[in-house]
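Structure file target.cif with mmCIF, C-alpha atoms:
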data_input
#
loop_
_atom_site.label_atom_id
_atom_site.label_comp_id
_atom_site.auth_asym_id
_atom_site.auth_seq_id
_atom_site.Cartn_x
_atom_site.Cartn_y
_atom_site.Cartn_z
CA MET V 1 0.00 0.00 0.00
CA SER V 2 1.59 3.25 -1.13
CA TYR V 3 -0.68 5.41 0.99
CA ILE V 4 -3.35 5.24 3.65
CA SER V 5 -6.68 6.69 2.57
CA LEU V 6 -8.27 9.59 4.41
CA ARG V 7 -11.02 7.27 5.60
CA LEU V 8 -8.59 4.79 7.08
CA ASN V 9 -6.35 7.49 8.48
CA SER V 10 -9.29 8.96 10.41
CA LEU V 11 -9.94 5.56 11.99
CA ILE V 12 -6.29 5.13 12.95
CA SER V 13 -6.11 8.61 14.50
CA ALA V 14 -9.27 8.03 16.54
CA VAL V 15 -8.16 4.63 17.78
CA LYS V 16 -4.71 5.88 18.79
CA LYS V 17 -6.15 8.83 20.68
CA ALA V 18 -8.54 6.51 22.52
CA GLY V 19 -5.70 4.07 23.12
CA ASN V 20 -3.61 6.70 24.88
CA THR V 21 -6.12 7.07 27.69
CA LEU V 22 -6.53 3.30 27.88
CA THR V 23 -2.76 2.92 28.30
CA ARG V 24 -2.80 5.31 31.25
CA ASP V 25 -5.72 3.42 32.78
CA PHE V 26 -3.96 0.08 32.31
CA ASN V 27 -0.85 1.38 34.04
CA GLU V 28 -2.97 2.48 36.99
CA ILE V 29 -5.02 -0.65 37.40
CA GLU V 30 -2.18 -2.60 38.98
CA GLN V 31 -1.96 0.05 41.69
CA LEU V 32 -5.54 -0.54 42.79
CA GLN V 33 -6.32 -2.67 45.80
CA THR V 34 -6.93 -6.28 44.84
CA SER V 35 -10.68 -5.87 45.08
CA VAL V 36 -12.86 -7.31 42.33
CA ARG V 37 -15.34 -4.51 42.86
CA GLY V 38 -12.64 -1.86 42.56
CA HIS V 39 -11.18 -3.34 39.41
CA ALA V 40 -14.59 -3.82 37.80
CA GLU V 41 -15.67 -0.23 38.47
CA PHE V 42 -12.35 1.13 37.21
CA THR V 43 -12.63 -0.92 34.01
CA LYS V 44 -16.20 0.23 33.44
CA ALA V 45 -15.11 3.86 33.79
CA ALA V 46 -12.22 3.25 31.37
CA ILE V 47 -14.61 1.83 28.77
CA GLU V 48 -16.88 4.85 29.10
CA ARG V 49 -13.96 7.25 28.59
CA VAL V 50 -12.69 5.42 25.53
CA THR V 51 -16.17 5.17 24.03
CA LYS V 52 -16.67 8.91 24.40
CA ILE V 53 -13.33 9.67 22.73
CA LEU V 54 -14.03 7.31 19.84
CA ARG V 55 -17.47 8.75 19.19
CA THR V 56 -16.20 12.33 19.31
CA GLU V 57 -13.23 11.71 17.02
CA LEU V 58 -15.06 9.56 14.49
CA GLN V 59 -17.95 11.98 14.14
CA LYS V 60 -15.65 14.84 13.18
CA ASN V 61 -15.39 13.59 9.59
CA ASN V 62 -18.59 11.55 9.40
CA PRO V 63 -21.27 13.23 11.53
CA ASP V 64 -24.09 11.37 9.78
CA TYR V 65 -22.80 7.85 10.50
CA SER V 66 -24.62 5.89 13.15
CA PHE V 67 -22.91 3.76 15.81
CA VAL V 68 -23.45 0.03 16.22
CA GLY V 69 -22.59 -2.07 19.25
CA GLY V 70 -24.12 -3.36 22.43
CA LYS V 71 -27.90 -3.21 22.09
CA THR V 72 -27.80 -1.19 18.86
CA LYS V 73 -28.33 -3.55 15.92
CA LEU V 74 -26.87 -3.36 12.43
CA SER V 75 -29.10 -1.86 9.76
CA ASP V 76 -28.70 -0.69 6.17
CA GLY V 77 -26.61 2.39 5.57
CA GLN V 78 -23.26 3.66 6.82
CA CYS V 79 -22.16 3.15 10.39
CA PHE V 80 -19.25 2.73 12.77
CA VAL V 81 -18.89 -0.45 14.77
CA ILE V 82 -16.77 0.29 17.83
CA ASN V 83 -15.38 -1.83 20.62
CA ALA V 84 -13.80 0.40 23.22
CA LEU V 85 -12.20 -2.49 25.10
CA ASP V 86 -12.23 -5.99 23.71
CA GLY V 87 -10.65 -8.28 26.29
CA SER V 88 -11.95 -6.35 29.29
CA VAL V 89 -11.36 -9.28 31.66
CA ASN V 90 -7.71 -9.40 30.60
CA PHE V 91 -7.47 -5.65 31.14
CA MET V 92 -9.08 -5.90 34.57
CA HIS V 93 -6.52 -8.51 35.64
CA GLY V 94 -3.51 -6.64 34.29
CA ILE V 95 -3.00 -8.94 31.28
CA PRO V 96 -1.80 -6.90 28.26
CA ASN V 97 -3.96 -8.71 25.70
CA PHE V 98 -6.81 -6.33 24.89
CA ALA V 99 -7.72 -4.06 22.01
CA VAL V 100 -9.64 -1.10 20.72
CA SER V 101 -11.44 -2.00 17.49
CA VAL V 102 -13.27 0.17 14.96
CA ALA V 103 -14.86 -0.71 11.63
CA ILE V 104 -16.86 1.10 8.97
CA ILE V 105 -19.79 -0.81 7.53
CA ASP V 106 -21.84 0.27 4.53
CA ASN V 107 -24.88 -1.73 3.46
CA LYS V 108 -23.77 -4.61 5.71
CA GLN V 109 -20.29 -4.84 4.16
CA VAL V 110 -17.15 -4.00 6.13
CA LEU V 111 -15.17 -1.36 4.22
CA ALA V 112 -12.35 -0.45 6.61
CA SER V 113 -11.15 -1.50 10.04
CA VAL V 114 -8.47 -0.92 12.67
CA ILE V 115 -7.51 -3.10 15.64
CA TYR V 116 -5.09 -1.63 18.19
CA ASN V 117 -3.48 -3.05 21.32
CA PRO V 118 -2.31 0.01 23.29
CA ALA V 119 -0.33 -2.15 25.74
CA THR V 120 2.02 -3.37 23.00
CA SER V 121 1.49 -0.57 20.44
CA ASP V 122 0.56 -3.18 17.81
CA LEU V 123 -1.86 -1.72 15.27
CA TYR V 124 -3.50 -3.65 12.43
CA PHE V 125 -5.57 -2.13 9.64
CA ALA V 126 -7.35 -3.07 6.45
CA GLU V 127 -9.42 -1.50 3.73
CA LYS V 128 -11.57 -3.45 1.30
CA GLY V 129 -9.60 -4.28 -1.83
CA SER V 130 -6.33 -2.80 -0.51
CA GLY V 131 -4.94 -5.57 1.71
CA ALA V 132 -4.29 -5.95 5.44
CA PHE V 133 -1.29 -4.53 7.26
CA LYS V 134 0.47 -4.20 10.58
CA GLU V 135 1.74 -0.69 11.23
CA GLY V 136 5.50 -0.27 11.10
CA TYR V 137 7.79 2.63 11.95
CA ARG V 138 8.84 3.19 8.34
CA ASN V 139 7.15 0.48 6.31
CA HIS V 140 3.89 -1.29 7.02
CA GLU V 141 4.00 -5.08 7.09
CA ARG V 142 1.67 -6.81 4.63
CA LEU V 143 -0.32 -9.53 6.41
CA ARG V 144 -0.87 -13.03 5.04
CA VAL V 145 -2.67 -15.97 6.57
CA SER V 146 -0.61 -19.10 7.23
CA GLY V 147 0.13 -21.73 4.61
CA ARG V 148 -0.51 -24.68 6.90
CA LYS V 149 -2.57 -27.41 5.22
CA GLU V 150 -3.19 -30.15 7.79
CA LEU V 151 -5.88 -29.63 10.39
CA LYS V 152 -4.13 -31.92 12.85
CA ASN V 153 -1.18 -29.51 12.96
CA ALA V 154 -3.26 -26.34 13.16
CA LEU V 155 -3.37 -23.89 16.04
CA ILE V 156 -6.95 -22.74 16.54
CA GLY V 157 -8.17 -19.74 18.50
CA ALA V 158 -11.37 -20.72 20.31
CA GLN V 159 -13.06 -18.51 22.88
CA ASP V 160 -14.80 -21.67 24.07
CA THR V 161 -12.20 -24.45 24.12
CA SER V 162 -14.93 -27.08 24.16
CA LEU V 163 -15.31 -26.22 20.46
CA GLY V 164 -11.82 -27.60 19.81
CA VAL V 165 -11.06 -30.19 17.17
CA GLU V 166 -9.43 -33.53 17.89
CA ASN V 167 -5.64 -33.50 17.40
CA ALA V 168 -5.57 -29.73 16.77
CA GLY V 169 -4.15 -27.29 19.28
CA THR V 170 -6.55 -24.73 20.74
CA ARG V 171 -6.00 -21.56 22.72
CA CYS V 172 -8.32 -19.10 24.39
CA SER V 173 -6.81 -15.61 24.51
CA GLY V 174 -9.79 -13.70 25.87
CA CYS V 175 -9.67 -11.13 23.05
CA LEU V 176 -11.33 -12.09 19.78
CA SER V 177 -10.17 -8.94 17.95
CA LEU V 178 -6.54 -9.85 18.51
CA ASP V 179 -7.22 -13.48 17.56
CA PHE V 180 -8.34 -12.20 14.16
CA ALA V 181 -5.14 -10.15 13.95
CA MET V 182 -3.10 -13.26 14.78
CA LEU V 183 -4.97 -15.24 12.13
CA ALA V 184 -4.35 -12.53 9.53
CA SER V 185 -0.67 -12.50 10.55
CA GLY V 186 -0.30 -16.27 10.08
CA LYS V 187 0.28 -16.95 13.77
CA LEU V 188 -3.04 -18.70 14.26
CA ASP V 189 -4.33 -21.06 11.58
CA ALA V 190 -8.04 -20.81 12.36
CA ILE V 191 -10.70 -19.36 14.67
CA ILE V 192 -13.89 -20.91 16.01
CA SER V 193 -16.21 -18.65 17.97
CA LYS V 194 -19.97 -18.58 18.45
CA GLY V 195 -22.50 -16.05 19.69
CA ASN V 196 -20.24 -13.01 19.46
CA ALA V 197 -21.39 -9.40 19.61
CA ILE V 198 -20.75 -7.63 16.32
CA GLU V 199 -18.29 -5.19 17.89
CA SER V 200 -16.00 -8.10 18.84
CA PHE V 201 -15.43 -9.33 15.31
CA ALA V 202 -16.49 -6.78 12.65
CA GLY V 203 -13.00 -5.29 12.38
CA GLY V 204 -11.39 -8.70 12.31
CA LEU V 205 -13.52 -9.97 9.45
CA LEU V 206 -12.01 -7.55 6.96
CA LEU V 207 -8.50 -8.02 8.32
CA VAL V 208 -8.63 -11.77 7.67
CA LYS V 209 -10.34 -11.47 4.28
CA GLU V 210 -7.76 -8.96 3.06
CA ALA V 211 -4.96 -11.23 4.32
CA GLY V 212 -6.25 -14.04 2.10
CA GLY V 213 -8.35 -15.88 4.65
CA TYR V 214 -11.79 -17.48 4.46
CA ILE V 215 -14.64 -16.88 6.89
CA TYR V 216 -17.80 -18.95 7.17
CA GLU V 217 -20.98 -18.55 9.14
CA TYR V 218 -20.89 -21.55 11.48
CA ASP V 219 -24.14 -23.08 10.19
CA GLN V 220 -24.16 -22.03 6.54
CA SER V 221 -24.95 -24.87 4.16
CA ASP V 222 -22.75 -23.88 1.22
CA ILE V 223 -19.04 -23.35 1.93
CA ARG V 224 -18.06 -22.46 -1.63
CA THR V 225 -18.30 -18.82 -0.58
CA ASP V 226 -18.70 -16.78 2.59
CA ASN V 227 -21.85 -15.01 3.72
CA GLN V 228 -20.75 -11.83 5.46
CA GLN V 229 -24.27 -10.61 6.16
CA ALA V 230 -25.16 -13.89 7.91
CA ILE V 231 -21.95 -13.69 9.96
CA LEU V 232 -22.63 -10.10 11.02
CA GLN V 233 -26.10 -11.13 12.11
CA SER V 234 -25.32 -14.35 14.00
CA GLY V 235 -21.80 -13.81 15.29
CA ASN V 236 -21.03 -17.51 14.68
CA ILE V 237 -17.68 -17.84 12.97
CA ILE V 238 -15.30 -20.37 11.44
CA ALA V 239 -12.25 -18.75 9.86
CA GLY V 240 -8.92 -19.86 8.48
CA ASN V 241 -6.78 -20.15 5.38
CA ALA V 242 -7.93 -21.75 2.14
CA GLU V 243 -6.93 -25.25 3.29
CA ILE V 244 -7.77 -25.19 6.99
CA ALA V 245 -11.10 -23.32 6.97
CA PRO V 246 -13.11 -25.82 4.87
CA LYS V 247 -11.52 -28.79 6.65
CA LEU V 248 -12.40 -27.28 10.00
CA PHE V 249 -15.95 -26.58 8.85
CA LYS V 250 -16.41 -30.17 7.76
CA ALA V 251 -14.87 -31.56 10.94
CA LEU V 252 -17.27 -29.56 13.08
CA HIS V 253 -20.31 -30.69 11.09
CA GLN V 254 -19.67 -34.42 10.88
#
So that I can check it, write out the structure of this file as structure tokens.
Amino acid sequence: MSYISLRLNSLISAVKKAGNTLTRDFNEIEQLQTSVRGHAEFTKAAIERVTKILRTELQKNNPDYSFVGGKTKLSDGQCFVINALDGSVNFMHGIPNFAVSVAIIDNKQVLASVIYNPATSDLYFAEKGSGAFKEGYRNHERLRVSGRKELKNALIGAQDTSLGVENAGTRCSGCLSLDFAMLASGKLDAIISKGNAIESFAGGLLLVKEAGGYIYEYDQSDIRTDNQQAILQSGNIIAGNAEIAPKLFKALHQ
């Protein structure tokens, strides 16, 4: 990618600004008393601050876009899907595996997305038709899904490890957004996850697709193609590279 579009640049700027306050909050959380109530209230306040920043920044260039997430459902038209803190349990326990995620959806198609882990400064972005990248200091790294072919050797991200596949390795990271980033980067070979809120995976869908991956709705009948609208509606996902994704789909539906 020779340049970052104005649309994508606005997403990156908003996410980084929101991430700055989240970094400060994360640094403070370890200084709190080891009280579940204290940590939970602090995390809730952090989410509210980040959400406010994201909404303010994103509306500067697109005041007519609606916001989707939580109880607000996806509809036709242009909207932002934001997740102020994916991996909130990790954050609350001082585990640096969490992310801010933002996506633009138009007519139920994801057009651009950014996933950012403020704790590690890792930022991933994609725009439809332009590829997926990890931000670099001078050059951005083009992302590609893995080339692994055998399901038995695959490493699968599963938010519910009971969904694992025999002989395949599974891991539960607690942050679906970053699992998608790892899949797009070739570090995970597949993802299985069901019943997800749209804000947890909308950004990741485009990242994986633009990195050459395949994404299926868990219960779709025809796996010759994906069905992004069905995925956005159900939140039930099987994703992987061209070899692993269909094999995983078939293994889970035997």
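Between V:Ser146 and the candidates V:Ile215, V:Ala242, V:Ala202, V:Leu111, the tightest atom-to-atom separation, counting all atoms listed in the file, involves V:Ala242.
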Please determine, counting all atoms listed in the file, which residue among V:Lys128, V:Lys16, V:Lys108, V:Arg24 has the shortest atom-to-atom distance to V:Lys73.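 Nearest candidate to V:Lys73 out of V:Lys128, V:Lys16, V:Lys108, V:Arg24: V:Lys108.
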One-decimal distance in Å that lies between atom CA of V:Ser185 and atom CA of V:Ala132: 9.1 Å
Where does the PyMOL selection byres ((chain V and resi 238) around 6) land in this file, that is, which residues does it pick, as a ChimeraX atom specification? /V:191-192,215-216,218,237,239
Could the residues in this selection be written to a file with C-alpha atoms, as a PDB file, in the frame of the given file?
ATOM      1  CA  ILE V 191     -10.700 -19.360  14.670  1.00  0.00           C
ATOM      2  CA  ILE V 192     -13.890 -20.910  16.010  1.00  0.00           C
ATOM      3  CA  ILE V 215     -14.640 -16.880   6.890  1.00  0.00           C
ATOM      4  CA  TYR V 216     -17.800 -18.950   7.170  1.00  0.00           C
ATOM      5  CA  TYR V 218     -20.890 -21.550  11.480  1.00  0.00           C
ATOM      6  CA  ILE V 237     -17.680 -17.840  12.970  1.00  0.00           C
ATOM      7  CA  ALA V 239     -12.250 -18.750   9.860  1.00  0.00           C
TER       8      ALA V 239
END
Using 12 Å as the limit and counting all atoms listed in the file, can you tabulate each residue of stretch 74-157 of chain V that touches stretch 48-53 of chain V, with its shortest atom-to-atom distance in Å and the two atoms involved, as a tab-separated table?
residue	atom	partner	partner_atom	distance
V:Phe80	CA	V:Thr51	CA	11.9
V:Val81	CA	V:Thr51	CA	11.2
V:Ile82	CA	V:Thr51	CA	7.9
V:Asn83	CA	V:Thr51	CA	7.8
V:Ala84	CA	V:Thr51	CA	5.4
V:Leu85	CA	V:Val50	CA	7.9
V:Asp86	CA	V:Val50	CA	11.6
V:Ala99	CA	V:Val50	CA	11.3
V:Val100	CA	V:Val50	CA	8.7
V:Ser101	CA	V:Thr51	CA	10.8
V:Val102	CA	V:Thr51	CA	10.8
V:Pro118	CA	V:Val50	CA	11.9
Figure out the distance between atom CA of V:Lys187 and atom CA of V:Arg138, please, to one decimal in Å. 22.5 Å
Determine, counting only C-alpha atoms, which protein, DNA and RNA residues have an atom within 10 Å of an atom of V:Asn196; residues of the same chain fewer than 3 positions away are not included. Present the result as a PyMOL selection string. chain V and resi 159+176+193+199-202+231-237
Between V:Ser88, V:Ser13, V:Asn20, V:Thr43, single out the one closest to V:Lys60, counting only C-alpha atoms.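 Looking at the shortest contact to V:Lys60, the residue is V:Ser13.
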Quick one: pull the distance between atom CA of V:Cys172 and atom CA of V:Ala158, Å, one decimal. 5.3 Å
The PyMOL selection byres ((chain V and resi 130) around 12) resolved against shown file, as a list in words: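 On the file shown, the PyMOL selection byres ((chain V and resi 130) around 12) covers Met1, Ser2, Tyr3, Ile4, Ser5, Leu8, Leu111, Ala112, Ser113, Phe125, Ala126, Glu127, Lys128, Gly129, Gly131, Ala132, Phe133, Arg142, Leu143, Leu206, Leu207, Lys209, Glu210, Ala211 and Gly212 of chain V.
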Residues returned when the PyMOL selection byres ((chain V and resi 135) around 8) runs on this file, as a count of residues only: 11
Nearest residue to V:Thr56 from the set V:Lys17, V:Lys247, V:His253, V:Arg171 (distances using only C-alpha atoms): V:Lys17
Between V:Gln59, V:Ala230, V:Leu11, V:Asp222, which residue has the minimum interatomic distance to V:Gly203, considering only C-alpha atoms?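 Among V:Gln59, V:Ala230, V:Leu11, V:Asp222, it is V:Leu11 that comes nearest to V:Gly203.
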